[in-house]
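Structure, as structure tokens:
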Amino acid sequence: MGSSLTANLFVFILAAFLGYEVVRRVSPQLHTPLMSLTNAISAISVVGAITIAGSHHDGVVLVSLGAIAVACAMINVVGGFMITDRMLKMFKKRKDR
Amino acid sequence: MAPAALISAPHTLPTWPHTAHWPWYVTLVYMAAAMMFALSLKWLSSHKTARRGVKIGEIGMAAAILATLLLPEVRQYNWIFAGAIVGAAIGVLLAVLTPMTAVPQQTALSHAFGALAAALVGTAEFYGHHAQLTAGSTAAIGLESLLGYLTFTGSLIAAGKLQEVLPTRPITYPLQNAMNLSVLAAAVVCGVWMCMAPQMVLLYPVFVGLALLFGVLLIIPIGGGDMPTVIALLNSYAGLSASAMGFVVNNKLLIIAGALEGSSGFILSMIMCQAMNRSFLNVLFGQASGGKQAPTDDVYGGKIKSTTAEEVADILATARRVVIVPGYGLAVAQAQHVTGELFELLDSKGVDVQFAIHPVAGRMPGHMNVLLAEADIPYDRLQEMEQINEQFADVDVVVVNGANDVVNPDARDNPGSPIAGMPVLNVDKARTVVVIKRSLSPGFAGIPNPLFARDNCLMFFADGKKATLDIIQELKKL
């Protein structure tokens, strides 16, 4: 973890900065969809859960912890993107009359 | 044992499974996914590209999940698919069935799920590898578990309060802050101890228990009006716990995605704090304030004028420019659709109708915008506080529906007010103000609102939805 810790911290700091710059520009009108979209994106943690639920050697207790984690993360993957899109679909510009 | 672990930590972790190299194509897909996630948020900056942002986020997510399933260390699929199917089904149901008025509690719930996923992975990592853990890797697992479990219970409490299955009023008791801080301190001490002696597996459940408890204690003193800040803060914590998981499983894609959510939630909670002229610490630990309030009779005595739907309809029909100010009460009364009807009706009569949105109106950032969008109100009719505040003098009628503290002129004019300095909508500058409200009861700040006693203010005492419907009916008769 030693040298990878430094590299990981580097990535974390740059990503946090990128996030700050990008999110600052999001219109306050879209702050609710922003929260659900970032929540869906960070549900990429499903990837870590998959490696645990899919490992052989970890024993049944750990594998089932992994499976519950997969389920929790998948709720956000599927629910997060769907509800974001459902909200964004409702935002309409003025109809021409 | 402990000093040796500390010294050897930076060099090798031969049996730690996550330093194994991924096949090149998995690395490549993860890199592409990281870029797509960044692009996804960037495209959310404008209404035009926002839905494209969701699409590319979905593509990045699907690609990363498929690549992960191909990893050599993934050897069985039954548990993965079982979990994925259950999770996806619940996700679809939540996304389809959640009414727009319930989006704040749905968001709080999704923070709880995300944090629990990170926490459970931390627990599995700890028990799966505790014999090989060093101080450094235990610290990462500890941070992941602490953030994950406290965000899990904190978000559940927040969701319960928003859904009103738990009391929405702040729950306070003497020495609350001392209590909270000592629980946190105990958790930190326990965590440090774990890093020094990772082989002491019994410390971990104690640590988890303290984290779960701290999450509960942190959120129970928070009242409804502070929810926008707190829900944004929990958004940030949920992201940070995913990021901490990236450190544990040595996956930079997780670190990046978590950091994006972490900084997004952080910015949102800063914006919410500024909109209330309060600090983070004051929101989280300042629950004791709110005792001193001016006697209501001094403010309201004999100066309240109440009105009827008929009178409001007359005023609106002759107005040139109308601004509607929605608040949390509008969401409670489910009045967004009738408000949309009122907008259509006035718009068809040639009245210029706009909506003024205070940043902390509602229970989460952007709450009112989503509700009004649901009612088919075009988003270019929605104005932010800074844009509209200079223009109220040109407005004929302001209709305040379900808002209170955010239109309190005392915040601007009375330095002694508990909410002094909080930016408010200057609706009192308009020619006529109509306030739709069930009674004169105070808002979240617990103070009277001198706006209601102003000469240009009319009180329409009714439920937000019924009042709006009655006004529409009277307008149609004209």
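FYI, nothing fancy with the structure tokens labels: chains A, B, ... in order, residues from 1 per chain, ligands from 1 as they appear.
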- Picked from segment 190-384 of chain B by DSSP as strand (DSSP E), as a list in words: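 Restricting segment 190-384 of chain B to strand (DSSP E) produces Arg321, Val322, Val323, Ile324, Val325, Pro326, Asp352, Val353, Gln354, Phe355, Ala356, Ile357, Leu382, Gln383 and Glu384 of chain B.
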- Message: Env of Leu212 of chain B: 8 Å cut, atoms = only C-alpha atoms, seq-sep filter 3 positions within chain, self excluded. Answer as a PyMOL selection string.
- Response: chain B and resi 149-150+152-153+208-209+215-216
Using only C-alpha atoms, tabulate the residues of chain A lying at most 6 Å from any atom of chain B, each with its closest atom pair and that distance in Å to one decimal, by chain and increasing residue number, as JSON lines.
```
{"residue": "A:Gly2", "atom": "CA", "partner": "B:Pro10", "partner_atom": "CA", "distance": 3.7}
{"residue": "A:Phe12", "atom": "CA", "partner": "B:Ile255", "partner_atom": "CA", "distance": 5.8}
{"residue": "A:Ala15", "atom": "CA", "partner": "B:Ile256", "partner_atom": "CA", "distance": 5.3}
{"residue": "A:Ala16", "atom": "CA", "partner": "B:Ala259", "partner_atom": "CA", "distance": 4.9}
{"residue": "A:Gly19", "atom": "CA", "partner": "B:Leu260", "partner_atom": "CA", "distance": 4.6}
{"residue": "A:Tyr20", "atom": "CA", "partner": "B:Ser263", "partner_atom": "CA", "distance": 5.6}
{"residue": "A:Val22", "atom": "CA", "partner": "B:Lys42", "partner_atom": "CA", "distance": 5.6}
{"residue": "A:Val23", "atom": "CA", "partner": "B:Ser264", "partner_atom": "CA", "distance": 5.9}
{"residue": "A:Arg25", "atom": "CA", "partner": "B:Ser45", "partner_atom": "CA", "distance": 5.6}
{"residue": "A:Val26", "atom": "CA", "partner": "B:Ser45", "partner_atom": "CA", "distance": 3.9}
{"residue": "A:Ser27", "atom": "CA", "partner": "B:Ser45", "partner_atom": "CA", "distance": 5.9}
{"residue": "A:Gln29", "atom": "CA", "partner": "B:Gly366", "partner_atom": "CA", "distance": 5.6}
{"residue": "A:His31", "atom": "CA", "partner": "B:Gly366", "partner_atom": "CA", "distance": 4.8}
{"residue": "A:Thr32", "atom": "CA", "partner": "B:Gly366", "partner_atom": "CA", "distance": 4.9}
{"residue": "A:Thr38", "atom": "CA", "partner": "B:Glu261", "partner_atom": "CA", "distance": 5.0}
{"residue": "A:Ser42", "atom": "CA", "partner": "B:Ala257", "partner_atom": "CA", "distance": 4.9}
{"residue": "A:Ser45", "atom": "CA", "partner": "B:Ala242", "partner_atom": "CA", "distance": 5.9}
{"residue": "A:Thr51", "atom": "CA", "partner": "B:Val74", "partner_atom": "CA", "distance": 5.6}
{"residue": "A:Ala53", "atom": "CA", "partner": "B:Ile80", "partner_atom": "CA", "distance": 5.6}
{"residue": "A:Gly54", "atom": "CA", "partner": "B:Val74", "partner_atom": "CA", "distance": 4.6}
{"residue": "A:Ser55", "atom": "CA", "partner": "B:Val74", "partner_atom": "CA", "distance": 5.4}
{"residue": "A:Leu62", "atom": "CA", "partner": "B:Ala124", "partner_atom": "CA", "distance": 5.4}
{"residue": "A:Ala67", "atom": "CA", "partner": "B:Gly83", "partner_atom": "CA", "distance": 4.9}
{"residue": "A:Ile68", "atom": "CA", "partner": "B:Gly83", "partner_atom": "CA", "distance": 6.0}
{"residue": "A:Ala69", "atom": "CA", "partner": "B:Ala117", "partner_atom": "CA", "distance": 4.2}
{"residue": "A:Val70", "atom": "CA", "partner": "B:Gly83", "partner_atom": "CA", "distance": 5.3}
{"residue": "A:Ala71", "atom": "CA", "partner": "B:Gly87", "partner_atom": "CA", "distance": 4.0}
{"residue": "A:Cys72", "atom": "CA", "partner": "B:Phe113", "partner_atom": "CA", "distance": 5.0}
{"residue": "A:Ala73", "atom": "CA", "partner": "B:Gly114", "partner_atom": "CA", "distance": 5.6}
{"residue": "A:Met74", "atom": "CA", "partner": "B:Gly87", "partner_atom": "CA", "distance": 4.8}
{"residue": "A:Ile75", "atom": "CA", "partner": "B:Gly91", "partner_atom": "CA", "distance": 4.1}
{"residue": "A:Val78", "atom": "CA", "partner": "B:Gly91", "partner_atom": "CA", "distance": 5.3}
{"residue": "A:Gly79", "atom": "CA", "partner": "B:Gly91", "partner_atom": "CA", "distance": 4.0}
{"residue": "A:Met82", "atom": "CA", "partner": "B:Ala95", "partner_atom": "CA", "distance": 5.9}
{"residue": "A:Ile83", "atom": "CA", "partner": "B:Ala95", "partner_atom": "CA", "distance": 4.8}
{"residue": "A:Met90", "atom": "CA", "partner": "B:Ala373", "partner_atom": "CA", "distance": 5.4}
{"residue": "A:Phe91", "atom": "CA", "partner": "B:Ala373", "partner_atom": "CA", "distance": 5.1}
{"residue": "A:Lys92", "atom": "CA", "partner": "B:Pro378", "partner_atom": "CA", "distance": 5.2}
{"residue": "A:Lys93", "atom": "CA", "partner": "B:Pro378", "partner_atom": "CA", "distance": 4.7}
{"residue": "A:Arg94", "atom": "CA", "partner": "B:Pro378", "partner_atom": "CA", "distance": 4.8}
```
Taking N, CA and C atoms for each residue, export the selection above as a short mmCIF file (atom, residue, chain, number, x, y, z; two decimals), in the first residue's frame.
```cif
data_model
loop_
_atom_site.label_atom_id
_atom_site.label_comp_id
_atom_site.auth_asym_id
_atom_site.auth_seq_id
_atom_site.Cartn_x
_atom_site.Cartn_y
_atom_site.Cartn_z
N GLY A 2 2.13 1.15 0.41
CA GLY A 2 3.00 2.33 0.58
C GLY A 2 3.04 3.25 -0.62
N PHE A 12 -6.75 11.14 -5.71
CA PHE A 12 -7.89 11.63 -4.93
C PHE A 12 -7.93 13.16 -4.94
N ALA A 15 -8.86 14.52 -8.36
CA ALA A 15 -10.26 14.26 -8.68
C ALA A 15 -11.18 15.18 -7.87
N ALA A 16 -10.80 15.41 -6.59
CA ALA A 16 -11.62 16.30 -5.77
C ALA A 16 -11.59 17.71 -6.36
N GLY A 19 -13.71 17.74 -9.45
CA GLY A 19 -15.11 17.75 -9.05
C GLY A 19 -15.54 19.15 -8.63
N TYR A 20 -14.69 19.82 -7.87
CA TYR A 20 -15.02 21.17 -7.41
C TYR A 20 -15.23 22.10 -8.60
N VAL A 22 -15.91 21.35 -11.75
CA VAL A 22 -17.03 20.98 -12.62
C VAL A 22 -18.36 21.29 -11.93
N VAL A 23 -18.47 20.95 -10.66
CA VAL A 23 -19.76 21.08 -9.97
C VAL A 23 -20.10 22.55 -9.72
N ARG A 25 -19.97 24.81 -11.68
CA ARG A 25 -20.63 25.36 -12.87
C ARG A 25 -22.04 24.82 -13.05
N VAL A 26 -22.45 23.86 -12.25
CA VAL A 26 -23.79 23.30 -12.40
C VAL A 26 -24.82 24.32 -11.91
N SER A 27 -25.86 24.54 -12.72
CA SER A 27 -26.89 25.51 -12.36
C SER A 27 -27.60 25.08 -11.07
N GLN A 29 -30.50 25.29 -10.41
CA GLN A 29 -31.75 24.63 -10.78
C GLN A 29 -31.61 23.12 -10.80
N HIS A 31 -29.55 21.22 -8.91
CA HIS A 31 -28.83 20.68 -7.76
C HIS A 31 -29.39 19.34 -7.27
N THR A 32 -30.70 19.15 -7.37
CA THR A 32 -31.26 17.85 -6.97
C THR A 32 -30.81 16.73 -7.91
N THR A 38 -24.40 12.18 -8.87
CA THR A 38 -23.13 11.87 -8.22
C THR A 38 -23.29 10.60 -7.38
N SER A 42 -20.94 7.34 -7.84
CA SER A 42 -20.07 6.77 -6.81
C SER A 42 -20.51 5.35 -6.44
N SER A 45 -18.70 1.77 -6.61
CA SER A 45 -18.16 0.91 -5.55
C SER A 45 -18.68 -0.52 -5.68
N THR A 51 -15.77 -8.04 -6.51
CA THR A 51 -14.58 -8.87 -6.31
C THR A 51 -14.69 -9.68 -5.02
N ALA A 53 -17.79 -10.65 -3.55
CA ALA A 53 -18.87 -11.63 -3.74
C ALA A 53 -18.45 -12.73 -4.72
N GLY A 54 -17.47 -12.43 -5.58
CA GLY A 54 -17.07 -13.40 -6.59
C GLY A 54 -15.83 -14.20 -6.24
N SER A 55 -15.29 -13.97 -5.02
CA SER A 55 -14.06 -14.69 -4.68
C SER A 55 -14.39 -16.04 -4.06
N LEU A 62 -18.11 -14.00 4.29
CA LEU A 62 -17.58 -12.84 3.59
C LEU A 62 -18.21 -12.69 2.21
N ALA A 67 -22.17 -9.98 -1.34
CA ALA A 67 -23.42 -10.00 -2.12
C ALA A 67 -24.37 -8.90 -1.65
N ILE A 68 -24.44 -8.70 -0.31
CA ILE A 68 -25.30 -7.61 0.20
C ILE A 68 -24.76 -6.26 -0.29
N ALA A 69 -23.43 -6.12 -0.28
CA ALA A 69 -22.84 -4.88 -0.77
C ALA A 69 -23.14 -4.67 -2.24
N VAL A 70 -23.10 -5.75 -3.02
CA VAL A 70 -23.46 -5.64 -4.45
C VAL A 70 -24.90 -5.14 -4.58
N ALA A 71 -25.79 -5.73 -3.77
CA ALA A 71 -27.21 -5.33 -3.84
C ALA A 71 -27.36 -3.84 -3.50
N CYS A 72 -26.73 -3.40 -2.39
CA CYS A 72 -26.85 -1.99 -1.98
C CYS A 72 -26.33 -1.06 -3.07
N ALA A 73 -25.17 -1.40 -3.63
CA ALA A 73 -24.60 -0.52 -4.65
C ALA A 73 -25.45 -0.54 -5.92
N MET A 74 -26.00 -1.72 -6.27
CA MET A 74 -26.82 -1.79 -7.48
C MET A 74 -28.12 -0.98 -7.35
N ILE A 75 -28.63 -0.87 -6.12
CA ILE A 75 -29.81 -0.01 -5.92
C ILE A 75 -29.49 1.40 -6.42
N VAL A 78 -28.75 1.54 -10.48
CA VAL A 78 -29.97 1.52 -11.30
C VAL A 78 -30.90 2.68 -10.90
N GLY A 79 -31.19 2.77 -9.59
CA GLY A 79 -32.12 3.80 -9.12
C GLY A 79 -31.58 5.20 -9.36
N MET A 82 -31.71 6.21 -13.09
CA MET A 82 -33.09 6.30 -13.57
C MET A 82 -33.81 7.53 -13.02
N ILE A 83 -33.61 7.80 -11.71
CA ILE A 83 -34.37 8.93 -11.14
C ILE A 83 -33.77 10.25 -11.61
N MET A 90 -38.24 16.22 -16.92
CA MET A 90 -39.34 17.15 -16.59
C MET A 90 -38.97 18.61 -16.84
N PHE A 91 -37.67 18.91 -16.86
CA PHE A 91 -37.27 20.31 -17.06
C PHE A 91 -37.49 20.70 -18.52
N LYS A 92 -38.45 21.61 -18.74
CA LYS A 92 -38.75 22.00 -20.11
C LYS A 92 -38.62 23.51 -20.26
N LYS A 93 -38.26 23.90 -21.46
CA LYS A 93 -38.23 25.33 -21.76
C LYS A 93 -39.64 25.79 -22.07
N ARG A 94 -39.81 27.09 -22.13
CA ARG A 94 -41.11 27.67 -22.41
C ARG A 94 -41.64 27.17 -23.76
#
```
- Message: as a PyMOL selection string, please: every residue in chain A that a backbone DSSP assignment puts in helix (DSSP H, G or I).
- Response: chain A and resi 2-24+28-53+59-90
- Please identify all polymer residues within 9 Å of segment 394-399 of chain B, counting only C-alpha atoms, omitting same-chain residues fewer than 3 positions from it, and present them as an MDAnalysis selection string. chainID B and resid 315:316 319:326 390:391 427:436
Could you write out the selected residues, including N, CA and C atoms, as a PDB file, in the first residue's frame?
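Output (again-v4.pdb):
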```pdb
ATOM      1  N   ILE B 315     -56.888  40.937  -7.528  1.00  0.00           N
ATOM      2  CA  ILE B 315     -55.571  41.583  -7.551  1.00  0.00           C
ATOM      3  C   ILE B 315     -54.705  40.998  -8.662  1.00  0.00           C
ATOM      4  N   LEU B 316     -54.734  39.644  -8.770  1.00  0.00           N
ATOM      5  CA  LEU B 316     -53.888  38.975  -9.771  1.00  0.00           C
ATOM      6  C   LEU B 316     -54.319  39.337 -11.188  1.00  0.00           C
ATOM      7  N   ALA B 319     -52.899  42.517 -12.336  1.00  0.00           N
ATOM      8  CA  ALA B 319     -51.449  42.670 -12.215  1.00  0.00           C
ATOM      9  C   ALA B 319     -50.772  42.554 -13.564  1.00  0.00           C
ATOM     10  N   ARG B 320     -49.645  43.205 -13.674  1.00  0.00           N
ATOM     11  CA  ARG B 320     -48.842  43.115 -14.887  1.00  0.00           C
ATOM     12  C   ARG B 320     -47.731  42.076 -14.642  1.00  0.00           C
ATOM     13  N   ARG B 321     -47.187  42.149 -13.435  1.00  0.00           N
ATOM     14  CA  ARG B 321     -46.063  41.247 -13.147  1.00  0.00           C
ATOM     15  C   ARG B 321     -46.274  40.569 -11.790  1.00  0.00           C
ATOM     16  N   VAL B 322     -46.230  39.242 -11.775  1.00  0.00           N
ATOM     17  CA  VAL B 322     -46.466  38.456 -10.562  1.00  0.00           C
ATOM     18  C   VAL B 322     -45.260  37.555 -10.302  1.00  0.00           C
ATOM     19  N   VAL B 323     -44.865  37.487  -9.034  1.00  0.00           N
ATOM     20  CA  VAL B 323     -43.802  36.555  -8.663  1.00  0.00           C
ATOM     21  C   VAL B 323     -44.344  35.605  -7.600  1.00  0.00           C
ATOM     22  N   ILE B 324     -44.188  34.312  -7.817  1.00  0.00           N
ATOM     23  CA  ILE B 324     -44.633  33.313  -6.852  1.00  0.00           C
ATOM     24  C   ILE B 324     -43.413  32.790  -6.102  1.00  0.00           C
ATOM     25  N   VAL B 325     -43.501  32.774  -4.764  1.00  0.00           N
ATOM     26  CA  VAL B 325     -42.397  32.271  -3.936  1.00  0.00           C
ATOM     27  C   VAL B 325     -42.822  30.954  -3.291  1.00  0.00           C
ATOM     28  N   PRO B 326     -42.306  29.818  -3.793  1.00  0.00           N
ATOM     29  CA  PRO B 326     -42.671  28.533  -3.191  1.00  0.00           C
ATOM     30  C   PRO B 326     -41.747  28.194  -2.019  1.00  0.00           C
ATOM     31  N   GLU B 390     -33.285  42.358  -6.831  1.00  0.00           N
ATOM     32  CA  GLU B 390     -33.237  43.775  -7.180  1.00  0.00           C
ATOM     33  C   GLU B 390     -34.552  44.217  -7.816  1.00  0.00           C
ATOM     34  N   GLN B 391     -35.327  43.246  -8.294  1.00  0.00           N
ATOM     35  CA  GLN B 391     -36.471  43.591  -9.143  1.00  0.00           C
ATOM     36  C   GLN B 391     -37.811  43.654  -8.422  1.00  0.00           C
ATOM     37  N   VAL B 427     -39.352  40.285  -0.701  1.00  0.00           N
ATOM     38  CA  VAL B 427     -40.724  40.352  -1.231  1.00  0.00           C
ATOM     39  C   VAL B 427     -41.486  41.551  -0.673  1.00  0.00           C
ATOM     40  N   ASP B 428     -41.059  42.071   0.505  1.00  0.00           N
ATOM     41  CA  ASP B 428     -41.767  43.203   1.102  1.00  0.00           C
ATOM     42  C   ASP B 428     -41.663  44.466   0.254  1.00  0.00           C
ATOM     43  N   LYS B 429     -40.726  44.492  -0.714  1.00  0.00           N
ATOM     44  CA  LYS B 429     -40.571  45.670  -1.584  1.00  0.00           C
ATOM     45  C   LYS B 429     -41.629  45.694  -2.688  1.00  0.00           C
ATOM     46  N   ALA B 430     -42.313  44.602  -2.901  1.00  0.00           N
ATOM     47  CA  ALA B 430     -43.315  44.553  -3.961  1.00  0.00           C
ATOM     48  C   ALA B 430     -44.545  45.367  -3.560  1.00  0.00           C
ATOM     49  N   ARG B 431     -45.386  45.686  -4.547  1.00  0.00           N
ATOM     50  CA  ARG B 431     -46.564  46.503  -4.252  1.00  0.00           C
ATOM     51  C   ARG B 431     -47.519  45.767  -3.300  1.00  0.00           C
ATOM     52  N   THR B 432     -47.839  44.540  -3.616  1.00  0.00           N
ATOM     53  CA  THR B 432     -48.724  43.753  -2.754  1.00  0.00           C
ATOM     54  C   THR B 432     -48.113  42.372  -2.538  1.00  0.00           C
ATOM     55  N   VAL B 433     -48.203  41.902  -1.297  1.00  0.00           N
ATOM     56  CA  VAL B 433     -47.725  40.546  -0.998  1.00  0.00           C
ATOM     57  C   VAL B 433     -48.907  39.741  -0.476  1.00  0.00           C
ATOM     58  N   VAL B 434     -49.153  38.580  -1.083  1.00  0.00           N
ATOM     59  CA  VAL B 434     -50.175  37.673  -0.576  1.00  0.00           C
ATOM     60  C   VAL B 434     -49.449  36.461   0.005  1.00  0.00           C
ATOM     61  N   VAL B 435     -49.711  36.178   1.280  1.00  0.00           N
ATOM     62  CA  VAL B 435     -49.061  35.032   1.909  1.00  0.00           C
ATOM     63  C   VAL B 435     -50.103  33.948   2.147  1.00  0.00           C
ATOM     64  N   ILE B 436     -49.907  32.787   1.486  1.00  0.00           N
ATOM     65  CA  ILE B 436     -50.799  31.650   1.713  1.00  0.00           C
ATOM     66  C   ILE B 436     -50.179  30.797   2.811  1.00  0.00           C
TER      67      ILE B 436
END
```
- Task: Give me, please, the distance in Å between atom CA of Leu18 of chain A and atom CA of Gln105 of chain B, quoted to one decimal.
- Result: 28.1 Å
- Task: Go through B:Gln199, B:Thr168, B:Met422, B:Gly329 one by one, measure the shortest atom-to-atom distance of each to Met272 of chain B using only C-alpha atoms, and give the residue with the smallest value.
- Result: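 Answer, going by the shortest atom-to-atom distance: B:Met422.
Once Gly80 of chain A and its same-chain neighbours fewer than 6 positions away are set aside, Ser36, Leu37, Asn39 and Ala40 of chain A remain within 7 Å of it when counting only C-alpha atoms.
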- Message: Here is a test: counting only C-alpha atoms, which residue of B:Tyr173, B:Phe392, B:Phe355, B:Tyr300 is nearest to Ile447 of chain B?
- Response: B:Tyr300
